[in-house]
Amino acid sequence: MAITPQRPKGPPLNALRAFEAAARLGGFAPAAEELGVTPGAISQHIKTLEDWAGTPLFTRRSQGVRLTRAGTDLLPGLTFAFDQLGDAVRHLRSTRPQPVVQVAALPSVAQLWLSPRLPALRAVLPGVVLSVTALERPPNLTRELFDLSVFLRPPAEVPSGIVLAPDSIFPVCAPALAAGLRSPADLAHVPLLHDETWGEDWSHWARAAGVRLPNVTDGPRFSLYALALDAARQGAGVLMGHACLVADALARGDLVCPFPGDTATGLALVLDRPSASGTDDRLAPLIAALAHPLP
């Protein structure tokens with residue numbers, strides 16, 4: 001009688017992925033955000049892996065989690081393996097008969113900076129499907145199937161990135177509202193519009209400009225910068241403009257800058273791409289078009 005012995009089973013792939021993300025990012029919450037699950041799911045996956053291995057991989061503390069020696073030893077091999085898997089999947093996708101280019105961008109960048117450039121991007125990539133995904137945080141381009149990302153972020157975070165424009169901020173508003181603003185101190189008497197992504201913009205600008213604004217934290221708040229920009233166009237108040245995001249509105253005259261000067265934020269509009277070989281040649285025309293200013 002033929003006997004088929006039961007073969008040893010390895011740990012679930014999702015458990016390995018959850019551990020690697022949590023160990024690399026330093027916690028269950030950031031791992032959950034990267035993988036699109038809950039912190040509870042990450043915790044359960046890691047417990048499954050620890051039960052399978054028979055050893056703890058994290059030390060749980062009230063202040064957070066810390067890798068054990070076993071977890072520290074395991075991390076480099078898994079990181080390398082998942083990086084290689086990401087490269088392999090990216091290569092597989094490149095064999096599609098119709099090429100696809102996936103771009104990730106901050107929502108405000110996608111709406112206000114990238115959208116006007118899409119016709120030019122399609123022109124330099126005829127026959128290519130160009131898709132844009134708005135994300136609040138830059139994706140892990142080694143793992144996720146994005147070909148490019150465009151975010152406002154510190155350039156030092158992306159040593160291999162291309163700085164498309166430095167970021168600076170300055171007040172902007174509708175022309176009719178600007179007519180009543182003689183000096184920055186007048187901002188104390190008008191509504192200040194706030195974007196939740198950059199909640200400290202007004203305070204940062206006021207300190208740099210040496211202006212005391214008792215209403216610096218008051219005023220309408222918006223979860224999307226594009227909505228705040230529309231409110232500013234409609235005369236609802238003064239918005240702290242990010243240079244690359246308000247450039248088109250300023251050029252059209254929808255908004256004006258009532259006072260001279262701007263304040264650097266330490267951020268920049270940065271274009272990033274995966275480090276895998278073979279992507280730069282295919283994307284070179286797209287990268288060049290993104291780096292070129294609009295006519």
# chains A, B, ... in the order shown; residues from 1 in each chain; ligands from 1

call {"tool": "residues_around", "arguments": {"residues": "Asp73 in chain A", "least_positions_apart": "5", "cutoff": "12 Å", "atoms": "only C-alpha atoms", "output": "PyMOL selection string"}}
result
chain A and resi 20+23+57-58+67-68+78-79

call {"tool": "write_last_selection", "arguments": {"atoms": "N, CA and C atoms", "output": "short mmCIF file (atom, residue, chain, number, x, y, z; two decimals), in the first residue's frame"}}
result
data_model
loop_
_atom_site.label_atom_id
_atom_site.label_comp_id
_atom_site.auth_asym_id
_atom_site.auth_seq_id
_atom_site.Cartn_x
_atom_site.Cartn_y
_atom_site.Cartn_z
N GLU A 20 7.74 40.93 8.78
CA GLU A 20 8.79 41.71 8.12
C GLU A 20 8.45 43.20 8.11
N ALA A 23 8.73 44.61 11.72
CA ALA A 23 10.12 44.69 12.16
C ALA A 23 10.85 45.80 11.42
N LEU A 57 9.20 36.75 18.81
CA LEU A 57 9.93 37.57 17.84
C LEU A 57 9.91 39.04 18.24
N PHE A 58 8.94 39.41 19.06
CA PHE A 58 8.83 40.77 19.59
C PHE A 58 8.65 40.69 21.10
N LEU A 67 12.09 44.16 18.85
CA LEU A 67 12.50 42.87 18.34
C LEU A 67 13.32 42.09 19.37
N THR A 68 13.08 40.80 19.44
CA THR A 68 13.95 39.92 20.22
C THR A 68 15.17 39.58 19.37
N LEU A 78 14.27 37.93 5.46
CA LEU A 78 12.92 38.16 4.95
C LEU A 78 12.83 39.44 4.13
N THR A 79 13.51 40.50 4.57
CA THR A 79 13.51 41.74 3.80
C THR A 79 14.08 41.50 2.41
#

call {"tool": "residues_around", "arguments": {"residues": "Ala226 in chain A", "least_positions_apart": "6", "cutoff": "10 Å", "atoms": "only C-alpha atoms", "output": "list in words"}}
result
Pro107, Ser108, Val109, Ala110, Gln111, Leu112, Asp195, Ala232, Leu245 and Val246 of chain A

call {"tool": "closest_residue", "arguments": {"among": "A:Ser203, A:Glu196, A:Ala209, A:Phe82", "to": "Ser223 in chain A", "atoms": "only C-alpha atoms"}}
result
A:Glu196

call {"tool": "residues_around", "arguments": {"residues": "Val216 in chain A", "least_positions_apart": "3", "cutoff": "8 Å", "atoms": "only C-alpha atoms", "output": "ChimeraX atom specification"}}
result
/A:188,192,202-203,213

call {"tool": "write_last_selection", "arguments": {"atoms": "N, CA and C atoms", "output": "mmCIF file, in the first residue's frame"}}
result
data_model
loop_
_atom_site.group_PDB
_atom_site.id
_atom_site.type_symbol
_atom_site.label_atom_id
_atom_site.label_comp_id
_atom_site.auth_asym_id
_atom_site.auth_seq_id
_atom_site.Cartn_x
_atom_site.Cartn_y
_atom_site.Cartn_z
ATOM 1 N N ALA A 188 -5.255 89.116 10.776
ATOM 2 C CA ALA A 188 -5.929 88.856 12.053
ATOM 3 C C ALA A 188 -7.425 89.114 11.966
ATOM 4 N N LEU A 192 -8.956 82.485 8.222
ATOM 5 C CA LEU A 192 -7.798 81.738 7.749
ATOM 6 C C LEU A 192 -8.250 80.316 7.413
ATOM 7 N N TRP A 202 0.098 77.780 9.048
ATOM 8 C CA TRP A 202 -0.097 79.178 9.435
ATOM 9 C C TRP A 202 0.833 79.576 10.578
ATOM 10 N N SER A 203 0.970 78.709 11.565
ATOM 11 C CA SER A 203 1.859 79.019 12.694
ATOM 12 C C SER A 203 3.302 79.128 12.224
ATOM 13 N N LEU A 213 -0.645 86.552 15.013
ATOM 14 C CA LEU A 213 -2.014 86.369 14.546
ATOM 15 C C LEU A 213 -2.814 85.661 15.639
#

call {"tool": "atom_distance", "arguments": {"atom1": "CA of Val103 in chain A", "atom2": "CA of Val158 in chain A"}}
result
16.4 Å

call {"tool": "residues_around", "arguments": {"residues": "Pro11 in chain A", "least_positions_apart": "4", "cutoff": "7 Å", "atoms": "only C-alpha atoms", "output": "VMD selection string"}}
result
chain A and resid 15 49 52

call {"tool": "closest_residue", "arguments": {"among": "A:Leu114, A:Arg66, A:Pro76, A:Glu33", "to": "Leu164 in chain A", "atoms": "only C-alpha atoms"}}
result
A:Leu114

call {"tool": "residues_around", "arguments": {"residues": "Leu125 in chain A", "least_positions_apart": "3", "cutoff": "8 Å", "atoms": "only C-alpha atoms", "output": "list in words"}}
result
Leu121, Arg122, Val128, Pro285 and Leu286 of chain A

call {"tool": "write_last_selection", "arguments": {"atoms": "C-alpha atoms", "output": "JSON list (two decimals), in the first residue's frame"}}
result
[["chain", "number", "residue", "atom", "x", "y", "z"],
["A", 121, "LEU", "CA", 2.37, 62.47, -20.16],
["A", 122, "ARG", "CA", 0.00, 60.49, -22.37],
["A", 128, "VAL", "CA", 0.57, 52.98, -22.52],
["A", 285, "PRO", "CA", 10.27, 60.08, -21.36],
["A", 286, "LEU", "CA", 7.69, 60.22, -18.57]]

call {"tool": "closest_residue", "arguments": {"among": "A:Ala206, A:Ile287, A:Leu74, A:Ala29", "to": "Ala185 in chain A", "atoms": "only C-alpha atoms"}}
result
A:Ala206

call {"tool": "closest_residue", "arguments": {"among": "A:Ala41, A:Arg69, A:Ala81, A:Arg90", "to": "Pro274 in chain A", "atoms": "only C-alpha atoms"}}
result
A:Arg90

call {"tool": "closest_residue", "arguments": {"among": "A:Gly64, A:Ala284, A:Val129, A:Pro175", "to": "Asp254 in chain A", "atoms": "only C-alpha atoms"}}
result
A:Pro175

call {"tool": "atom_distance", "arguments": {"atom1": "CA of Gln98 in chain A", "atom2": "CA of Pro138 in chain A"}}
result
26.0 Å

call {"tool": "atom_distance", "arguments": {"atom1": "CA of Ala53 in chain A", "atom2": "CA of Gln6 in chain A"}}
result
18.6 Å

call {"tool": "select_by_dssp", "arguments": {"residues": "range 118-291 of chain A", "states": "alpha helix (DSSP H)", "output": "ChimeraX atom specification"}}
result
/A:118-124,175-178,201-209,225-233,243-252,279-291

call {"tool": "write_last_selection", "arguments": {"atoms": "C-alpha atoms", "output": "PDB file, in the first residue's frame"}}
result
ATOM      1  CA  LEU A 118      -1.585  64.207 -17.788  1.00  0.00           C
ATOM      2  CA  PRO A 119      -2.194  65.131 -21.458  1.00  0.00           C
ATOM      3  CA  ALA A 120       1.544  65.722 -21.948  1.00  0.00           C
ATOM      4  CA  LEU A 121       2.368  62.472 -20.161  1.00  0.00           C
ATOM      5  CA  ARG A 122       0.004  60.486 -22.369  1.00  0.00           C
ATOM      6  CA  ALA A 123       1.551  62.113 -25.430  1.00  0.00           C
ATOM      7  CA  VAL A 124       5.042  60.876 -24.568  1.00  0.00           C
ATOM      8  CA  PRO A 175      -8.244  89.264  -5.705  1.00  0.00           C
ATOM      9  CA  ALA A 176     -11.273  90.969  -4.126  1.00  0.00           C
ATOM     10  CA  LEU A 177     -10.232  89.877  -0.645  1.00  0.00           C
ATOM     11  CA  ALA A 178      -6.607  90.851  -1.262  1.00  0.00           C
ATOM     12  CA  ASP A 201       1.379  75.952   8.085  1.00  0.00           C
ATOM     13  CA  TRP A 202      -0.097  79.178   9.435  1.00  0.00           C
ATOM     14  CA  SER A 203       1.859  79.019  12.694  1.00  0.00           C
ATOM     15  CA  HIS A 204       5.075  78.241  10.816  1.00  0.00           C
ATOM     16  CA  TRP A 205       4.589  81.133   8.398  1.00  0.00           C
ATOM     17  CA  ALA A 206       3.592  83.602  11.135  1.00  0.00           C
ATOM     18  CA  ARG A 207       6.724  82.823  13.159  1.00  0.00           C
ATOM     19  CA  ALA A 208       8.965  83.203  10.117  1.00  0.00           C
ATOM     20  CA  ALA A 209       7.252  86.440   9.083  1.00  0.00           C
ATOM     21  CA  TYR A 225      -6.220  70.806  -0.074  1.00  0.00           C
ATOM     22  CA  ALA A 226      -8.154  71.178  -3.338  1.00  0.00           C
ATOM     23  CA  LEU A 227     -11.301  71.984  -1.344  1.00  0.00           C
ATOM     24  CA  ALA A 228      -9.450  74.619   0.662  1.00  0.00           C
ATOM     25  CA  LEU A 229      -8.144  76.067  -2.600  1.00  0.00           C
ATOM     26  CA  ASP A 230     -11.675  76.276  -4.012  1.00  0.00           C
ATOM     27  CA  ALA A 231     -12.822  78.045  -0.848  1.00  0.00           C
ATOM     28  CA  ALA A 232     -10.000  80.557  -1.257  1.00  0.00           C
ATOM     29  CA  ARG A 233     -10.989  81.140  -4.906  1.00  0.00           C
ATOM     30  CA  ALA A 243       4.094  77.066  -4.235  1.00  0.00           C
ATOM     31  CA  CYS A 244       3.744  74.085  -6.578  1.00  0.00           C
ATOM     32  CA  LEU A 245       0.067  73.557  -5.710  1.00  0.00           C
ATOM     33  CA  VAL A 246      -1.119  77.133  -6.238  1.00  0.00           C
ATOM     34  CA  ALA A 247       1.080  78.034  -9.227  1.00  0.00           C
ATOM     35  CA  ASP A 248      -1.640  77.379 -11.811  1.00  0.00           C
ATOM     36  CA  ALA A 249      -4.278  79.352  -9.882  1.00  0.00           C
ATOM     37  CA  LEU A 250      -1.853  82.274  -9.524  1.00  0.00           C
ATOM     38  CA  ALA A 251      -1.016  82.155 -13.239  1.00  0.00           C
ATOM     39  CA  ARG A 252      -4.717  82.278 -14.144  1.00  0.00           C
ATOM     40  CA  THR A 279      12.647  50.631 -15.269  1.00  0.00           C
ATOM     41  CA  ASP A 280      14.489  53.879 -15.972  1.00  0.00           C
ATOM     42  CA  ASP A 281      14.808  53.425 -19.753  1.00  0.00           C
ATOM     43  CA  ARG A 282      11.116  52.704 -20.158  1.00  0.00           C
ATOM     44  CA  LEU A 283      10.082  55.598 -17.944  1.00  0.00           C
ATOM     45  CA  ALA A 284      12.689  58.124 -19.099  1.00  0.00           C
ATOM     46  CA  PRO A 285      10.268  60.083 -21.362  1.00  0.00           C
ATOM     47  CA  LEU A 286       7.694  60.216 -18.575  1.00  0.00           C
ATOM     48  CA  ILE A 287      10.221  61.388 -16.006  1.00  0.00           C
ATOM     49  CA  ALA A 288      11.485  64.068 -18.398  1.00  0.00           C
ATOM     50  CA  ALA A 289       7.924  65.292 -19.004  1.00  0.00           C
ATOM     51  CA  LEU A 290       7.221  65.486 -15.281  1.00  0.00           C
ATOM     52  CA  ALA A 291      10.400  67.452 -14.682  1.00  0.00           C
TER      53      ALA A 291
END

call {"tool": "select_by_dssp", "arguments": {"residues": "range 44-267 of chain A", "states": "strand (DSSP E or B)", "output": "MDAnalysis selection string"}}
result
chainID A and resid 58:61 64:67 100:105 129:134 148:153 162:173 192:195 221:222 238:242 256 263:267

call {"tool": "write_last_selection", "arguments": {"atoms": "C-alpha atoms", "output": "compact mmCIF listing (two decimals), in the first residue's frame"}}
result
# COMPACT_ATOMS: atom_id res chain seq x y z
CA PHE A 58 8.83 40.77 19.59
CA THR A 59 8.88 41.90 23.19
CA ARG A 60 5.56 43.66 23.91
CA ARG A 61 5.77 46.71 26.16
CA GLY A 64 5.46 49.66 21.95
CA VAL A 65 7.22 46.56 20.66
CA ARG A 66 10.88 45.65 20.32
CA LEU A 67 12.50 42.87 18.34
CA VAL A 100 0.76 49.93 -17.73
CA VAL A 101 2.36 52.75 -15.74
CA GLN A 102 1.10 53.27 -12.21
CA VAL A 103 1.78 56.64 -10.54
CA ALA A 104 1.16 57.28 -6.83
CA ALA A 105 0.75 60.86 -5.62
CA VAL A 129 -2.18 52.85 -19.89
CA LEU A 130 -1.37 55.60 -17.39
CA SER A 131 -3.08 55.25 -14.01
CA VAL A 132 -2.89 57.58 -11.01
CA THR A 133 -3.59 56.59 -7.40
CA ALA A 134 -3.95 59.21 -4.66
CA LEU A 148 6.60 56.35 -9.89
CA SER A 149 5.57 58.41 -6.88
CA VAL A 150 5.25 62.19 -6.55
CA PHE A 151 4.98 63.55 -3.01
CA LEU A 152 5.84 66.62 -0.98
CA ARG A 153 8.44 65.23 1.43
CA ILE A 162 14.44 63.71 -8.29
CA VAL A 163 13.55 67.06 -6.75
CA LEU A 164 11.02 68.63 -9.11
CA ALA A 165 10.55 71.82 -7.09
CA PRO A 166 11.41 73.09 -3.60
CA ASP A 167 8.39 73.80 -1.42
CA SER A 168 7.61 77.15 0.11
CA ILE A 169 4.46 78.68 1.58
CA PHE A 170 2.81 82.10 1.43
CA PRO A 171 -0.73 83.45 1.89
CA VAL A 172 -3.04 83.40 -1.15
CA CYS A 173 -6.60 84.61 -1.60
CA LEU A 192 -7.80 81.74 7.75
CA LEU A 193 -8.33 78.52 5.77
CA HIS A 194 -6.55 75.38 6.98
CA ASP A 195 -5.64 72.10 5.32
CA ARG A 221 -10.55 73.24 8.06
CA PHE A 222 -10.48 70.95 5.04
CA VAL A 238 -6.96 83.30 3.02
CA LEU A 239 -5.18 80.01 2.45
CA MET A 240 -1.56 79.16 3.09
CA GLY A 241 -0.42 78.34 -0.42
CA HIS A 242 2.19 75.71 -1.24
CA VAL A 256 -3.15 86.34 -5.75
CA THR A 263 8.81 80.74 3.72
CA ALA A 264 10.66 77.50 3.06
CA THR A 265 9.08 74.38 4.58
CA GLY A 266 12.01 71.98 4.25
CA LEU A 267 9.92 69.87 1.89

call {"tool": "residues_around", "arguments": {"residues": "Pro155 in chain A", "least_positions_apart": "4", "cutoff": "7 Å", "atoms": "only C-alpha atoms", "output": "PyMOL selection string"}}
result
chain A and resi 159+267-268+270

call {"tool": "closest_residue", "arguments": {"among": "A:Ala32, A:Leu269, A:Leu145, A:Leu106", "to": "Val89 in chain A", "atoms": "only C-alpha atoms"}}
result
A:Leu145

call {"tool": "decode", "arguments": {"residues": "range 223-285 of chain A", "atoms": "C-alpha atoms", "output": "mmCIF file, in the first residue's frame"}}
result
data_model
loop_
_atom_site.group_PDB
_atom_site.id
_atom_site.type_symbol
_atom_site.label_atom_id
_atom_site.label_comp_id
_atom_site.auth_asym_id
_atom_site.auth_seq_id
_atom_site.Cartn_x
_atom_site.Cartn_y
_atom_site.Cartn_z
ATOM 1 C CA SER A 223 -9.391 67.352 4.650
ATOM 2 C CA LEU A 224 -8.500 67.975 0.988
ATOM 3 C CA TYR A 225 -6.220 70.806 -0.074
ATOM 4 C CA ALA A 226 -8.154 71.178 -3.338
ATOM 5 C CA LEU A 227 -11.301 71.984 -1.344
ATOM 6 C CA ALA A 228 -9.450 74.619 0.662
ATOM 7 C CA LEU A 229 -8.144 76.067 -2.600
ATOM 8 C CA ASP A 230 -11.675 76.276 -4.012
ATOM 9 C CA ALA A 231 -12.822 78.045 -0.848
ATOM 10 C CA ALA A 232 -10.000 80.557 -1.257
ATOM 11 C CA ARG A 233 -10.989 81.140 -4.906
ATOM 12 C CA GLN A 234 -14.557 81.799 -3.766
ATOM 13 C CA GLY A 235 -13.384 84.485 -1.324
ATOM 14 C CA ALA A 236 -14.084 82.470 1.836
ATOM 15 C CA GLY A 237 -10.738 83.368 3.393
ATOM 16 C CA VAL A 238 -6.965 83.303 3.016
ATOM 17 C CA LEU A 239 -5.175 80.013 2.447
ATOM 18 C CA MET A 240 -1.555 79.157 3.093
ATOM 19 C CA GLY A 241 -0.419 78.339 -0.418
ATOM 20 C CA HIS A 242 2.187 75.712 -1.245
ATOM 21 C CA ALA A 243 4.094 77.066 -4.235
ATOM 22 C CA CYS A 244 3.744 74.085 -6.578
ATOM 23 C CA LEU A 245 0.067 73.557 -5.710
ATOM 24 C CA VAL A 246 -1.119 77.133 -6.238
ATOM 25 C CA ALA A 247 1.080 78.034 -9.227
ATOM 26 C CA ASP A 248 -1.640 77.379 -11.811
ATOM 27 C CA ALA A 249 -4.278 79.352 -9.882
ATOM 28 C CA LEU A 250 -1.853 82.274 -9.524
ATOM 29 C CA ALA A 251 -1.016 82.155 -13.239
ATOM 30 C CA ARG A 252 -4.717 82.278 -14.144
ATOM 31 C CA GLY A 253 -5.361 85.122 -11.703
ATOM 32 C CA ASP A 254 -7.879 83.086 -9.675
ATOM 33 C CA LEU A 255 -5.695 83.695 -6.637
ATOM 34 C CA VAL A 256 -3.153 86.336 -5.751
ATOM 35 C CA CYS A 257 -0.421 86.639 -3.163
ATOM 36 C CA PRO A 258 -1.242 89.777 -1.145
ATOM 37 C CA PHE A 259 2.244 90.127 0.382
ATOM 38 C CA PRO A 260 5.747 89.619 -1.018
ATOM 39 C CA GLY A 261 8.046 86.863 0.180
ATOM 40 C CA ASP A 262 7.674 83.203 1.040
ATOM 41 C CA THR A 263 8.808 80.742 3.725
ATOM 42 C CA ALA A 264 10.664 77.498 3.063
ATOM 43 C CA THR A 265 9.083 74.376 4.579
ATOM 44 C CA GLY A 266 12.008 71.982 4.252
ATOM 45 C CA LEU A 267 9.925 69.871 1.885
ATOM 46 C CA ALA A 268 10.156 69.447 -1.867
ATOM 47 C CA LEU A 269 8.089 67.922 -4.615
ATOM 48 C CA VAL A 270 10.051 64.693 -5.092
ATOM 49 C CA LEU A 271 9.733 62.147 -7.883
ATOM 50 C CA ASP A 272 10.759 58.645 -6.843
ATOM 51 C CA ARG A 273 10.936 55.373 -8.756
ATOM 52 C CA PRO A 274 11.815 51.776 -7.931
ATOM 53 C CA SER A 275 15.471 50.864 -7.821
ATOM 54 C CA ALA A 276 14.937 47.697 -9.881
ATOM 55 C CA SER A 277 16.991 47.663 -13.056
ATOM 56 C CA GLY A 278 15.245 48.087 -16.377
ATOM 57 C CA THR A 279 12.647 50.631 -15.269
ATOM 58 C CA ASP A 280 14.489 53.879 -15.972
ATOM 59 C CA ASP A 281 14.808 53.425 -19.753
ATOM 60 C CA ARG A 282 11.116 52.704 -20.158
ATOM 61 C CA LEU A 283 10.082 55.598 -17.944
ATOM 62 C CA ALA A 284 12.689 58.124 -19.099
ATOM 63 C CA PRO A 285 10.268 60.083 -21.362
#
